[in-house]
2 protein chains.
Amino acid sequence: MLSKAGKKRARLPCGFFDKKADDLRVASKIITAIREVYELYGFEPVETPLIEYTDMLGKFLPDSGCPNAGVFSFRDDDEQWLSLRYDLTAPLARYVAENFERLPKPYRSYRVGWVFRNEKPGPGRFRQFLQFDADTVNTDNVISDSEICMMAADTLESLGLRQSDYTIRVNNRKVWDGVMEMVGLNGERQHDKRLTTLRAIDKLDKFGIEGVASLLGKGRLDESGAFTKGSELDAVTIRRIINFVAAGASTGAATLENLRKAIGDSSKGHEGLAELEEMYALFLATGYENRVKIDPSVIRGLEYYTGPVFEVELLLDIVNEDGRRVVFGSVGGGGRYDGLVSRFRSKPVPATGFSMGVSRLITALTNLGKLNKQKNAGPVIILLMDRDLEALTRYQHMVSDLRKQGIRAEIYVGNAGLKAQMKYADRRGAPCVVIQGSAERSAGTVEIKNMIEGIRLSQKIKDNAIWRKQSPAQITVNENQMVQEIKRILAIK
Amino acid sequence: MLSKAGKKRARLPCGFFDKKADDLRVASKIITAIREVYELYGFEPVETPLIEYTDMLGKFLPDSGCPNAGVFSFRDDDEQWLSLRYDLTAPLARYVAENFERLPKPYRSYRVGWVFRNEKPGPGRFRQFLQFDADTVNTDNVISDSEICMMAADTLESLGLRQSDYTIRVNNRKVWDGVMEMVGLNGERQHDKRLTTLRAIDKLDKFGIEGVASLLGKGRLDESGAFTKGSELDAVTIRRIINFVAAGASTGAATLENLRKAIGDSSKGHEGLAELEEMYALFLATGYENRVKIDPSVIRGLEYYTGPVFEVELLLDIVNEDGRRVVFGSVGGGGRYDGLVSRFRSKPVPATGFSMGVSRLITALTNLGKLNKQKNAGPVIILLMDRDLEALTRYQHMVSDLRKQGIRAEIYVGNAGLKAQMKYADRRGAPCVVIQGSAERSAGTVEIKNMIEGIRLSQKIKDNAIWRKQSPAQITVNENQMVQEIKRILAIK
């Protein structure tokens with residue numbers, strides 16, 4: 001792709017973005033805050049490579065031996081397929097299997113890193129994004145599931161969110177299995193119908209109970225006149241499912257009681273219910289019942305969940321791409337996945353985990369005004385007035401003295417004149433500039449110009465001589481007083 | 001790849017590695033230290049994606065339209081070639097070109113991130129590794145080159161290295177161009193011969209002056225009897241080149257004088273020499289002359305360098321894969337690359353930069369004993385003695401109280417018995433464990449076991465009842481005194 005001048009046009013593939021200084025400082029602040037909570041909870045960091053064998057990620061298309069098109073894949077020299085990781089869970093499963101004997105068990109791990117999705121990017125959808133995961137591997141004890149929900153809540157609050165800003169919604173896949181069993185949608189033969197049904201339920205946020213009911217039945221006609229075919233369930237089944245979806249009540253206890261009715265005598269359902277009850281009791285006893293809520297409508301798309309599932313939802317309104325106010329929604333989630341590690345081992349290795357979407361979290365916190373732009377103080381700029389060795393040496397000593405006091409400082413290293421140097425200092429957000437021409441050098445002094453006040457005045461003065469004479473927001477001090485004076489300007493003690 | 005039990009074997013592609021907790025803490029400490037220096041110098045962070053269009057990286061093979069096999073590449077949906085970045089310089093060039101008007105100039109940027117090489121991995125060679133780069137773009141002022149060398153020195157010293165542990169070796173590609181011109185190896189026709197010659201010189205560390213001389217002539221026979229064909233240069237040319245390579249003297253001034261003789265009247269050579277002289281004068285004037293040395297043997301393999309080149313060398317001896325003691329060598333380097341950004345723009349955009357190999361640096365610092373293993377204190381473990389709600393609630397309050405004081409703490413969330421829980425606490429490096437069975441719960445007390453002393457004794461005691469009775473390294477305190485007592489054990493005020 002060449003421009004008119006025969007030059008390449010600099011460009012990024014869609015779905016990929018550069019992150020600038022302010023964004024990076026915000027991200028770093030958030031990552032540090034999350035890490036501190038996870039460390040306090042006794043989780044240990046691990047970092048796996050960005051590239052894995054495709055089969056380790058479980059990302060081959062069935063029957064074709066080709067990697068799923070949703071992941072970035074390429075062949076190694078020995079023709080084996082490699083892929084960029086798609087999440088941080090599959091690599092963890094591989095890592096645990098490879099190091100099983102060496103690891104303390106239960107193994108409590110956290111990981112932060114880039115993941116990649118080779119999907120059509122849309123507004124706010126990225127092909128490379130940052131996840132922060134925590135997992136507890138090799139225990140089926142629901143205390144570990146409860147703990148991860150509490151940790152998610154603590155994390156959000158450590159980032160400045162209030163209890164009213166978020167909910168951790170909890171459900172259990174076994175309870176859903178129970179409901180599917182009750183309405184006769186269990187078993188391999190019903191796979192497709194079950195999928196349409198679950199997808200319909202997943203639309204609750206968007207279409208409400210009425211809409212879901214239509215999707216479970218004949219189908220739904222939207223405002224634009226488009227028709228979505230439904231699951232074609234009978235009226236009794238629809239009512240039972242809707243009863244379940246709508247079982248969420250004002251208290252966890254009431255919700256659990258509704259669920260008990262909805263699952264009838266399915267043993268799988270009761271197993272899930274017992275787990276939910278144990279988790280809820282713990283939330284209640286420890287004061288988390290307003291942060292973590294039992295919510296029967298939570299499904300979580302991923303196939304591999306086998307027990308408790310969690311969704312972290314932010315309740316703030318934001319304006320979406322169509323200009324409508326919508327609830328911000330999910331910034332993370334997770335659940336129990338008892339089958340992932342056992343792909344590699346003959347014994348079962350139950351596990352539970354949780355993934356926080358760092359990029360989504362940054363957007364949300366920015367919207368909530370919880371993030372002041374982490375703008376670093378710009379550096380003090382020593383203007384390059386002269387380039388002889390004597391001048392350069394003096395300038396170099398100045399920056400060095402400032403840096404020794406922890407003050408960001410640089411000599412202007414370009415070739416432009418005074419006006420351009422001042423403009424540069426302004427764009428860098430420099431708190432002040434230091435000027436030493438030959439006259440000051442002889443006198444052993446420097447001029448320090450306070451930029452906050454000075455830049456406004458400098459616009460009016462074109463002539464260098466007049467500029468020097470009037471010295472707006474500018475003071476002259478002995479060279480050996482420079483650091484002290486700049487500290488005063490920066491209000492450093 | 002299936003095991004006997006029909007299970008997949010968990011494995012990583014060669015050249016890729018997992019990083020464990022201690023390694024990550026070390027890496028994080030080093031990255032933080034480097035970042036602090038770069039920030040002090042007024043550089044600003046930016047982060048580009050790991051994936052770029054292959055043509056942005058300049059990584060197409062000439063004439064074939066296929067990506068170089070040394071980079072991981074794959075096609076996007078629209079058939080355009082994408083690659084994982086190979087260094088942090090090409091993406092910076094793309095970024096600067098894309099944001100040229102918006103950026104303050106000179107643009108001072110630093111970046112830390114993963115880069116990928118699709119090469120045969122060897123011992124100590126990785127296919128994914130971490131680089132930390134700093135660059136100054138849009139100035140040809142050699143102050144910017146000098147500054148980057150000084151910053152490299154300051155960085156190493158901030159990591160605990162002494163002046164005697166390292167050298168920043170500096171040369172100038174224009175001086176080499178001058179030498180090549182002098183001996184008639186300039187121009188396109190001599191490209192291959194020039195390459196063999198430069199490669200021979202690059203072997204100076206390994207084979208010494210004698211060895212290089214052989215390689216410049218007929219060739220070299222090594223101890224194993226293998227023969228490497230030489231450049232077949234005539235004796236006069238060889239002497240001139242060797243004079244240049246060996247021009248390094250005890251002082252920079254003497255080295256520069258030797259160089260002046262070696263380059264004769266090549267104008268390109270004199271241009272480079274003048275730059276070196278300016279840089280050396282600044283190093284001398286600012287007390288960096290023992291840290292940054294003019295060294296004519298520095299070449300730097302990359303084709304794109306156009307002026308000053310730098311190599312950061314650590315002088316410590318380490319034992320290599322063959323068991324021989326060798327100088328550790330390079331941990332980073334860089335130089336001026338005036339052509340990279342101008343690929344995208346009609347005007348020249350001179351630039352200089354420097355790349356630090358974080359993984360190499362970690363290995364070196366570990367060898368130098370400069371890095372204490374950054375072992376975090378293990379968490380305090382609340383043993384899971386009982387699982388009724390009353391017990392769990394009490395345990396939960398305990399961990400919560402500890403965490404509020406900034407103490408890492410967790411409830412054991414597995415299903416194993418007391419012995420296994422103690423073993424777990426030991427493997428986690430727990431400083432102490434907290435035990436509350438039903439008796440203690442009724443009494444409102446907890447037992448705190450000091451692991452450092454206790455684990456040694458516990459080996460001898462098999463019986464739970466006896467264990468409880470003897471209470472080695474174990475004290476009983478009121479539940480509300482627990483945090484205070486644990487703070488005492490951890491020596492926290």
# chains A, B, ... in the order shown; residues from 1 in each chain; ligands from 1
call {"tool": "select_by_dssp", "arguments": {"residues": "segment 33-136 of chain A", "states": "strand (DSSP E or B)", "output": "PyMOL selection string"}}
result
chain A and resi 44-45+47+51-53+60+67+73-75+81-84+107-116+128-136
call {"tool": "residues_around", "arguments": {"residues": "Val175 of chain B", "least_positions_apart": "2", "cutoff": "7 Å", "atoms": "only C-alpha atoms", "output": "list in words"}}
result
Asn172, Arg173, Asp177, Gly178, Val179, Lys268, Gly269, His270, Gly272 and Leu273 of chain B
call {"tool": "write_last_selection", "arguments": {"atoms": "all heavy atoms", "output": "short mmCIF file (atom, residue, chain, number, x, y, z; two decimals), in the first residue's frame"}}
result
data_model
loop_
_atom_site.label_atom_id
_atom_site.label_comp_id
_atom_site.auth_asym_id
_atom_site.auth_seq_id
_atom_site.Cartn_x
_atom_site.Cartn_y
_atom_site.Cartn_z
N ASN B 172 30.97 3.70 15.18
CA ASN B 172 30.13 4.44 14.24
C ASN B 172 30.19 3.73 12.88
O ASN B 172 31.27 3.47 12.35
CB ASN B 172 30.62 5.89 14.12
CG ASN B 172 29.60 6.77 13.44
OD1 ASN B 172 29.17 6.48 12.32
ND2 ASN B 172 29.21 7.86 14.11
N ARG B 173 29.01 3.42 12.35
CA ARG B 173 28.96 2.69 11.09
C ARG B 173 29.59 3.47 9.93
O ARG B 173 30.13 2.88 8.98
CB ARG B 173 27.51 2.32 10.74
CG ARG B 173 26.99 1.21 11.60
CD ARG B 173 27.62 -0.14 11.27
NE ARG B 173 26.94 -0.76 10.17
CZ ARG B 173 26.04 -1.73 10.30
NH1 ARG B 173 25.78 -2.24 11.47
NH2 ARG B 173 25.43 -2.22 9.26
N ASP B 177 32.10 2.29 7.14
CA ASP B 177 31.89 2.55 5.71
C ASP B 177 33.16 3.16 5.11
O ASP B 177 33.57 2.81 4.00
CB ASP B 177 30.72 3.52 5.51
CG ASP B 177 29.38 2.88 5.86
OD1 ASP B 177 29.32 1.63 5.95
OD2 ASP B 177 28.40 3.63 6.06
N GLY B 178 33.77 4.07 5.89
CA GLY B 178 35.01 4.70 5.43
C GLY B 178 36.12 3.67 5.22
O GLY B 178 36.83 3.70 4.20
N VAL B 179 36.25 2.77 6.15
CA VAL B 179 37.28 1.73 6.03
C VAL B 179 37.01 0.86 4.80
O VAL B 179 37.92 0.58 4.01
CB VAL B 179 37.35 0.88 7.32
CG1 VAL B 179 38.32 -0.27 7.13
CG2 VAL B 179 37.73 1.74 8.51
N LYS B 268 33.13 9.92 4.24
CA LYS B 268 32.15 9.23 5.08
C LYS B 268 32.80 8.85 6.41
O LYS B 268 32.22 9.03 7.49
CB LYS B 268 31.66 7.96 4.36
CG LYS B 268 30.42 7.32 4.95
CD LYS B 268 29.17 8.08 4.56
CE LYS B 268 27.92 7.50 5.17
NZ LYS B 268 27.20 6.61 4.27
N GLY B 269 34.02 8.34 6.31
CA GLY B 269 34.75 7.96 7.51
C GLY B 269 34.98 9.14 8.44
O GLY B 269 34.79 9.03 9.66
N HIS B 270 35.33 10.30 7.87
CA HIS B 270 35.58 11.48 8.70
C HIS B 270 34.31 12.01 9.35
O HIS B 270 34.35 12.52 10.46
CB HIS B 270 36.31 12.56 7.89
CG HIS B 270 37.78 12.28 7.81
ND1 HIS B 270 38.65 12.58 8.82
CD2 HIS B 270 38.52 11.67 6.85
CE1 HIS B 270 39.87 12.19 8.49
NE2 HIS B 270 39.82 11.63 7.30
N GLY B 272 31.85 10.12 10.36
CA GLY B 272 31.66 9.23 11.51
C GLY B 272 32.63 9.55 12.62
O GLY B 272 32.25 9.56 13.80
N LEU B 273 33.87 9.83 12.25
CA LEU B 273 34.89 10.13 13.26
C LEU B 273 34.52 11.39 14.04
O LEU B 273 34.64 11.42 15.27
CB LEU B 273 36.26 10.30 12.57
CG LEU B 273 37.43 10.54 13.53
CD1 LEU B 273 37.67 9.32 14.41
CD2 LEU B 273 38.72 10.86 12.73
#
call {"tool": "residues_around", "arguments": {"residues": "Leu50 of chain A", "least_positions_apart": "4", "cutoff": "8 Å", "atoms": "only C-alpha atoms", "output": "list in words"}}
result
Leu84, Arg85, Trp114 and Val115 of chain A
call {"tool": "residues_around", "arguments": {"residues": "Gly15 of chain A", "least_positions_apart": "6", "cutoff": "8 Å", "atoms": "only C-alpha atoms", "output": "VMD selection string"}}
result
chain A and resid 120 to 122 125 to 128
call {"tool": "write_last_selection", "arguments": {"atoms": "N, CA and C atoms", "output": "compact mmCIF listing (two decimals), in the first residue's frame"}}
result
# COMPACT_ATOMS: atom_id res chain seq x y z
N LYS A 120 -14.03 -10.94 13.69
CA LYS A 120 -14.35 -9.64 13.11
C LYS A 120 -14.39 -8.63 14.24
N PRO A 121 -13.51 -7.65 14.20
CA PRO A 121 -13.55 -6.65 15.27
C PRO A 121 -14.70 -5.67 15.06
N GLY A 122 -15.29 -5.22 16.14
CA GLY A 122 -16.35 -4.22 16.06
C GLY A 122 -16.03 -3.10 17.03
N ARG A 125 -14.55 -3.86 20.39
CA ARG A 125 -14.10 -5.26 20.38
C ARG A 125 -12.71 -5.32 19.79
N PHE A 126 -11.83 -5.98 20.50
CA PHE A 126 -10.43 -6.00 20.11
C PHE A 126 -10.01 -7.40 19.69
N ARG A 127 -8.95 -7.50 18.90
CA ARG A 127 -8.41 -8.80 18.56
C ARG A 127 -7.23 -9.15 19.48
N GLN A 128 -6.73 -8.15 20.21
CA GLN A 128 -5.73 -8.40 21.25
C GLN A 128 -6.18 -7.65 22.49
call {"tool": "atom_distance", "arguments": {"atom1": "atom CA of Arg427 of chain A", "atom2": "atom CA of Arg102 of chain B"}}
result
9.5 Å
